[in-house]
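Asks: The file below is entry.cif, mmCIF, C-alpha atoms:
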data_model
#
loop_
_atom_site.label_atom_id
_atom_site.label_comp_id
_atom_site.auth_asym_id
_atom_site.auth_seq_id
_atom_site.Cartn_x
_atom_site.Cartn_y
_atom_site.Cartn_z
CA MET A 882 0.00 0.00 0.00
CA ARG A 883 2.83 2.28 0.87
CA LYS A 884 4.68 1.58 -2.37
CA SER A 885 1.55 2.25 -4.40
CA ASN A 886 1.08 5.61 -2.67
CA ILE A 887 4.67 6.57 -3.40
CA SER A 888 4.35 5.57 -7.06
CA GLN A 889 1.09 7.53 -7.34
CA ILE A 890 2.75 10.61 -5.84
CA ILE A 891 5.66 10.30 -8.27
CA LEU A 892 3.25 9.91 -11.18
CA ASN A 893 1.27 12.98 -10.09
CA VAL A 894 4.47 15.01 -9.81
CA ILE A 895 5.55 13.98 -13.31
CA ILE A 896 2.13 14.87 -14.71
CA CYS A 897 2.24 18.29 -13.01
CA ILE A 898 5.72 18.97 -14.39
CA LEU A 899 4.65 18.03 -17.92
CA PHE A 900 1.52 20.18 -17.56
CA ILE A 901 3.59 23.18 -16.48
CA LEU A 902 6.10 22.64 -19.28
CA GLY A 903 3.24 22.58 -21.79
CA LEU A 904 1.33 25.51 -20.31
CA TYR A 905 4.18 27.88 -19.52
CA PRO A 906 5.12 28.74 -23.15
CA LEU A 907 1.48 29.58 -23.85
CA MET A 908 1.24 31.80 -20.80
CA MET A 909 4.54 33.43 -21.67
CA ALA A 910 3.26 34.23 -25.15
CA LEU A 911 0.14 35.73 -23.56
CA TRP A 912 1.86 38.11 -21.15
CA CYS A 913 4.66 38.99 -23.60
CA ALA A 914 2.00 40.29 -25.99
CA PHE A 915 1.28 43.11 -23.53
CA LYS A 916 4.83 44.19 -22.69
CA SER A 917 6.78 47.21 -23.84
CA PRO A 918 10.13 46.53 -25.56
CA ASN A 919 12.01 47.43 -22.37
CA GLN A 920 9.79 45.21 -20.21
CA TYR A 921 10.35 42.35 -22.63
CA LEU A 922 14.12 42.72 -22.50
CA LEU A 923 14.23 42.87 -18.70
CA TYR A 924 11.34 40.64 -17.59
CA LYS A 925 10.40 38.36 -20.48
CA TRP A 926 9.98 35.28 -18.26
CA VAL A 927 7.45 36.74 -15.82
CA PRO A 928 4.29 38.89 -16.17
CA THR A 929 4.65 42.62 -15.58
CA LEU A 930 2.50 45.72 -15.19
CA PRO A 931 1.31 47.98 -16.72
CA LEU A 932 -0.12 46.10 -19.69
CA ARG A 933 0.59 47.62 -23.08
CA GLY A 934 -2.66 47.29 -25.06
CA GLU A 935 -1.28 49.24 -28.01
CA ASN A 936 0.54 46.08 -29.14
CA ILE A 937 -2.77 44.49 -30.09
CA ILE A 938 -3.74 47.50 -32.20
CA LEU A 939 -0.36 47.62 -33.94
CA ALA A 940 -0.45 43.89 -34.60
CA TYR A 941 -3.99 43.97 -35.94
CA LYS A 942 -3.15 46.72 -38.43
CA ARG A 943 -0.37 44.55 -39.84
CA ILE A 944 -2.19 41.22 -40.02
CA ALA A 945 -5.79 42.33 -40.70
CA PRO A 946 -5.61 41.70 -44.50
CA TYR A 947 -4.20 38.21 -43.92
CA MET A 948 -6.85 37.37 -41.32
CA LEU A 949 -9.76 38.58 -43.47
CA ARG A 950 -8.45 36.61 -46.44
CA THR A 951 -8.01 33.52 -44.30
CA ILE A 952 -11.54 33.78 -42.88
CA LEU A 953 -12.91 33.92 -46.43
CA VAL A 954 -10.81 30.98 -47.64
CA ALA A 955 -11.49 28.86 -44.53
CA CYS A 956 -15.27 29.42 -44.63
CA VAL A 957 -15.67 28.85 -48.37
CA SER A 958 -13.37 25.81 -48.47
CA THR A 959 -15.15 24.28 -45.47
CA ILE A 960 -18.57 24.66 -47.11
CA THR A 961 -17.41 23.34 -50.50
CA THR A 962 -15.57 20.43 -48.89
CA ILE A 963 -18.62 19.32 -46.93
CA ILE A 964 -20.92 19.59 -49.96
CA VAL A 965 -18.67 17.94 -52.56
CA THR A 966 -17.21 15.14 -50.42
CA SER A 967 -20.52 14.20 -48.79
CA MET A 968 -22.35 14.03 -52.12
CA ALA A 969 -19.54 12.03 -53.71
CA ALA A 970 -19.40 9.66 -50.73
CA PHE A 971 -23.15 9.13 -50.72
CA SER A 972 -23.18 8.43 -54.45
CA ILE A 973 -20.39 5.85 -54.24
CA SER A 974 -21.68 4.15 -51.10
CA LYS A 975 -25.45 4.07 -51.67
CA LEU A 976 -26.15 4.53 -55.39
CA LYS A 977 -25.59 1.80 -57.93
CA PHE A 978 -23.86 3.05 -61.08
CA LEU A 979 -21.19 1.81 -63.46
CA GLY A 980 -17.71 2.39 -62.11
CA SER A 981 -18.59 3.05 -58.46
CA LYS A 982 -16.26 0.28 -57.26
CA VAL A 983 -13.47 1.58 -59.47
CA LEU A 984 -13.92 5.08 -58.05
CA PHE A 985 -13.77 3.73 -54.52
CA ALA A 986 -10.58 1.81 -55.33
CA LEU A 987 -9.02 4.97 -56.81
CA ILE A 988 -9.95 7.02 -53.75
CA LEU A 989 -8.52 4.35 -51.47
CA GLY A 990 -5.35 4.17 -53.55
CA LEU A 991 -4.85 7.94 -53.56
CA ASN A 992 -5.04 7.94 -49.77
CA MET A 993 -1.98 5.68 -49.75
CA VAL A 994 0.10 8.18 -51.73
CA PRO A 995 2.09 10.64 -49.57
CA GLY A 996 0.98 14.21 -50.20
CA VAL A 997 4.55 15.38 -50.85
CA LEU A 998 4.69 13.20 -54.00
CA THR A 999 1.79 15.08 -55.56
CA LEU A 1000 3.00 18.53 -54.51
CA VAL A 1001 4.99 19.39 -57.64
CA PRO A 1002 2.34 18.07 -60.10
CA THR A 1003 -0.35 19.99 -58.21
CA VAL A 1004 1.60 23.23 -58.38
CA SER A 1005 2.22 22.69 -62.10
CA LEU A 1006 -1.47 21.97 -62.66
CA PHE A 1007 -2.58 25.19 -61.00
CA HIS A 1008 0.01 27.18 -62.92
CA ASN A 1009 -1.12 25.67 -66.23
CA LEU A 1010 -4.76 26.42 -65.38
CA HIS A 1011 -3.75 30.00 -64.48
CA LEU A 1012 -5.25 29.57 -61.01
CA ASN A 1013 -2.06 30.32 -59.14
CA ASN A 1014 -2.19 33.50 -57.08
CA THR A 1015 -6.00 33.29 -56.90
CA LEU A 1016 -8.19 32.28 -53.99
CA TRP A 1017 -9.32 29.24 -56.00
CA ALA A 1018 -5.85 27.79 -55.53
CA LEU A 1019 -6.51 27.74 -51.77
CA ILE A 1020 -10.15 26.62 -51.95
CA LEU A 1021 -10.11 23.81 -54.53
CA PRO A 1022 -7.49 21.36 -53.11
CA PRO A 1023 -9.37 20.59 -49.87
CA THR A 1024 -12.71 20.61 -51.69
CA PHE A 1025 -11.82 17.36 -53.45
CA SER A 1026 -10.20 15.69 -50.45
CA THR A 1027 -9.98 11.92 -50.99
CA GLY A 1028 -9.35 11.35 -47.28
CA THR A 1029 -12.58 13.05 -46.27
CA THR A 1030 -14.48 11.28 -49.04
CA PHE A 1031 -13.16 7.89 -47.95
CA LEU A 1032 -14.15 8.54 -44.33
CA LEU A 1033 -17.69 9.51 -45.36
CA ILE A 1034 -18.01 6.52 -47.70
CA CYS A 1035 -17.25 4.20 -44.80
CA TYR A 1036 -19.76 6.02 -42.61
CA PHE A 1037 -22.57 6.01 -45.19
CA ARG A 1038 -21.99 2.33 -45.93
CA SER A 1039 -22.63 1.59 -42.26
CA LEU A 1040 -26.13 3.13 -42.44
CA PRO A 1041 -28.92 0.53 -42.87
CA ASN A 1042 -30.17 0.23 -46.45
CA VAL A 1043 -33.74 -0.26 -45.20
CA LEU A 1044 -33.89 3.45 -44.36
CA PHE A 1045 -33.23 4.42 -47.95
CA GLU A 1046 -35.47 1.68 -49.34
CA ALA A 1047 -38.34 2.93 -47.18
CA ALA A 1048 -37.70 6.49 -48.36
CA GLU A 1049 -37.75 5.30 -51.97
CA ILE A 1050 -41.11 3.60 -51.40
CA ASP A 1051 -42.41 6.91 -50.02
CA GLY A 1052 -41.37 8.63 -53.25
CA CYS A 1053 -37.99 10.14 -52.35
CA ASN A 1054 -35.48 10.56 -55.14
CA ASP A 1055 -31.74 10.07 -54.65
CA PHE A 1056 -31.05 13.68 -53.73
CA GLN A 1057 -33.84 13.67 -51.14
CA LYS A 1058 -32.40 10.50 -49.61
CA TYR A 1059 -29.06 12.25 -49.32
CA LEU A 1060 -30.47 15.51 -47.97
CA TYR A 1061 -33.13 14.24 -45.56
CA ILE A 1062 -31.63 10.93 -44.36
CA ALA A 1063 -27.88 10.69 -44.91
CA VAL A 1064 -26.90 14.25 -43.97
CA PRO A 1065 -28.86 14.41 -40.67
CA LEU A 1066 -27.52 11.02 -39.59
CA ALA A 1067 -23.97 12.04 -40.45
CA PHE A 1068 -24.24 15.51 -38.91
CA PRO A 1069 -21.80 14.89 -36.01
CA LEU A 1070 -19.18 13.55 -38.42
CA LEU A 1071 -19.79 16.35 -40.92
CA ALA A 1072 -19.45 18.91 -38.12
CA THR A 1073 -16.15 17.35 -37.06
CA ILE A 1074 -14.89 17.41 -40.65
CA ALA A 1075 -15.94 21.06 -40.94
CA ILE A 1076 -14.01 21.97 -37.78
CA MET A 1077 -10.93 20.09 -38.97
CA GLN A 1078 -11.10 21.70 -42.41
CA PHE A 1079 -11.49 25.19 -40.96
CA THR A 1080 -8.53 24.76 -38.61
CA GLY A 1081 -6.50 23.17 -41.40
CA ALA A 1082 -7.16 26.08 -43.75
CA TRP A 1083 -6.39 28.55 -40.96
CA GLY A 1084 -3.05 26.96 -40.14
CA ASP A 1085 -1.97 26.10 -43.69
CA PHE A 1086 1.57 27.39 -44.11
CA GLY A 1087 3.39 25.69 -46.98
CA TRP A 1088 0.78 25.64 -49.75
CA PRO A 1089 -0.02 29.39 -49.74
CA MET A 1090 3.71 30.16 -49.89
CA LEU A 1091 4.07 27.95 -52.97
CA ILE A 1092 1.04 29.09 -54.93
CA MET A 1093 0.39 32.71 -53.82
CA SER A 1094 2.32 35.96 -53.93
CA LYS A 1095 3.31 37.56 -50.60
CA GLU A 1096 0.54 40.13 -50.59
CA LYS A 1097 -2.06 37.34 -50.93
CA TYR A 1098 -0.80 35.01 -48.20
CA THR A 1099 -3.12 33.61 -45.56
CA ILE A 1100 -2.47 34.25 -41.87
CA ALA A 1101 0.05 31.46 -41.15
CA ALA A 1102 2.33 32.50 -44.02
CA GLY A 1103 1.56 36.19 -43.47
CA LEU A 1104 2.90 36.07 -39.92
CA LYS A 1105 6.23 34.88 -41.26
CA VAL A 1106 6.37 37.73 -43.76
CA GLU A 1107 5.44 40.42 -41.26
CA PHE A 1108 7.47 39.34 -38.24
CA TYR A 1109 10.42 37.36 -39.56
CA ASP A 1110 13.04 40.11 -39.66
CA SER A 1111 15.10 40.95 -36.57
CA THR A 1112 13.94 44.58 -36.45
CA THR A 1113 10.39 43.60 -35.51
CA SER A 1114 9.20 44.38 -31.99
CA LEU A 1115 8.83 40.97 -30.38
CA PRO A 1116 5.92 42.00 -28.10
CA VAL A 1117 4.01 43.13 -31.21
CA ALA A 1118 4.85 39.80 -32.85
CA TYR A 1119 3.51 37.96 -29.78
CA ALA A 1120 0.35 40.08 -29.98
CA ALA A 1121 -0.06 39.14 -33.64
CA TYR A 1122 0.27 35.44 -32.87
CA LEU A 1123 -2.25 35.86 -30.06
CA LEU A 1124 -4.72 37.54 -32.42
CA ALA A 1125 -4.15 34.85 -35.05
CA SER A 1126 -4.89 32.12 -32.50
CA THR A 1127 -8.02 33.73 -31.07
CA PRO A 1128 -10.51 32.55 -33.76
CA LEU A 1129 -9.39 28.94 -33.31
CA ILE A 1130 -9.63 29.21 -29.53
CA VAL A 1131 -13.17 30.62 -29.83
CA LEU A 1132 -14.09 27.91 -32.35
CA PHE A 1133 -12.87 25.16 -30.02
CA PHE A 1134 -14.66 26.72 -27.04
CA PHE A 1135 -18.04 26.62 -28.81
CA THR A 1136 -17.65 23.40 -30.80
CA ASN A 1137 -15.56 21.03 -28.66
CA LYS A 1138 -18.65 19.03 -27.63
CA VAL A 1139 -19.74 18.56 -31.26
CA TYR A 1140 -16.17 17.67 -32.24
CA VAL A 1141 -15.91 14.95 -29.60
CA GLU A 1142 -19.34 13.55 -30.51
CA GLY A 1143 -18.33 13.38 -34.16
CA VAL A 1144 -15.07 11.58 -33.42
CA VAL A 1145 -16.81 9.09 -31.11
CA SER A 1146 -19.73 8.42 -33.48
CA SER A 1147 -17.48 7.96 -36.49
CA GLY A 1148 -15.31 5.54 -34.52
CA LEU A 1149 -18.31 3.50 -33.45
CA LYS A 1150 -19.68 3.36 -36.98
CA LEU A 1151 -16.39 2.48 -38.61
#
Rewrite the coordinates I just gave you, this time as C-alpha cells.

Replies:
Amino acid sequence: MRKSNISQIILNVIICILFILGLYPLMMALWCAFKSPNQYLLYKWVPTLPLRGENIILAYKRIAPYMLRTILVACVSTITTIIVTSMAAFSISKLKFLGSKVLFALILGLNMVPGVLTLVPTVSLFHNLHLNNTLWALILPPTFSTGTTFLLICYFRSLPNVLFEAAEIDGCNDFQKYLYIAVPLAFPLLATIAIMQFTGAWGDFGWPMLIMSKEKYTIAAGLKVEFYDSTTSLPVAYAAYLLASTPLIVLFFFTNKVYVEGVVSSGLKL
C-alpha cells in the first residue's frame, strides 16, 4: 500500500511537471503580448504591469488583411468540402452506377500516396490552369479531399439500407435520400470534418507560400512575412500570434462538444 502511494505521488508530480512545461510557453506568449520593448528585455519570463494594449492594435493593423483573407478561404473551403465530399461519398456508397467500385478503389489508392509526392504536379497543374495567385488555388485542393471522401463513404456504408429503401417507397429521389436521411444522420461527423477543415485552412503554411504571392498570403504564411526580420518588436509579434490564435480558440470553445461527438460516433460506426 505504501509503495503504491509513493508511485502515485511520483506519477502525479511527473504529470504536473509536464503540464507546467506545456502551459508555460502559452502563458509566456500571452503576457509577452502586452509588454513594452524594455519590459520584454528585462522581464520576459514573468508577467509585468502595466499592460501595453497598443501592441494588439499595432499587430492587428499589420495582419488584418491576412486574417480577413483567411476567414474567407477557410469558410468557403469548409462549405465546398462538406458539400462535394458528402455528395460524392453518398453516391459511391449508396447509389448503384457503373464504375462506383473503381472510383472507390481509386480514392482508397490515392489515400496511400504521400501528399509530398503530388505537390509538384499539383503546383504545375494550378500554374497551367492559371489559377495560381488566386483564392481558388486555396479553396479547390481541400474541396476534393480523398481522405474526407473515404471517411464519409465508410460512414454512409454503415447506415442501414432499409432506411433508404423505405424512403424510396415513399417517393424520395436520390437527392432527397441524401439531404433528408444521410446528412442528418452524419451531422456529427460532418461537423467534425468542418471543424478540422477550418482549422487546417487557418493553419496552412506551406501551400499558400508555394502558390500565392506575398501580398495574398493567408495568416500562417503572413505572420512569417510580417514578423520574420530581426527589427520587428517581439511584443508586437507575440500580440499578432495571439490575435491569429483567437478565432481557433473561440471555435474550439463553442464546438468542442460537437467535435468529440463526431469523433466518437465515427469511430463507433467504422

Asks: Can you tell me, as a count of residues only, what residues are no more than 12 Å from A:Asn919 when counting all atoms listed in the file, ignoring any on the same chain fewer than 5 positions away?

Replies: 8

Asks: Provide the atom CA of A:Thr1136 to atom CA of A:Tyr1119 distance in Å, to one decimal place.

Replies: 25.7 Å

Asks: Which residue gives the smallest distance to A:Ser981 among A:Val927, A:Ile944, A:Ile1034, A:Val1043, with all atoms listed in the file counted?

Replies: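 Of A:Val927, A:Ile944, A:Ile1034, A:Val1043, the one nearest A:Ser981 is A:Ile1034, counting all atoms listed in the file.
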
Asks: Name the residues within 12 Å of (-29.4, 2.7, -45.4), counting all atoms listed in the file in the file's coordinates, and put them as a list in words.

Replies: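 Looking at atoms near the point gives Phe971, Ser974, Lys975, Leu976, Tyr1036, Phe1037, Arg1038, Ser1039, Leu1040, Pro1041, Asn1042, Val1043, Leu1044, Phe1045, Glu1046, Ala1047, Ala1048, Glu1049, Lys1058, Tyr1059, Ile1062, Ala1063, Val1064, Leu1066 and Ala1067 of chain A.
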
Asks: Quick check on the file I pasted: which residues fall under the PyMOL selection byres ((chain A and resi 1071) around 10)? Write them as a PyMOL selection string.

Replies: chain A and resi 962-964+966-967+1029+1033+1064-1070+1072-1077+1139-1140+1143+1147
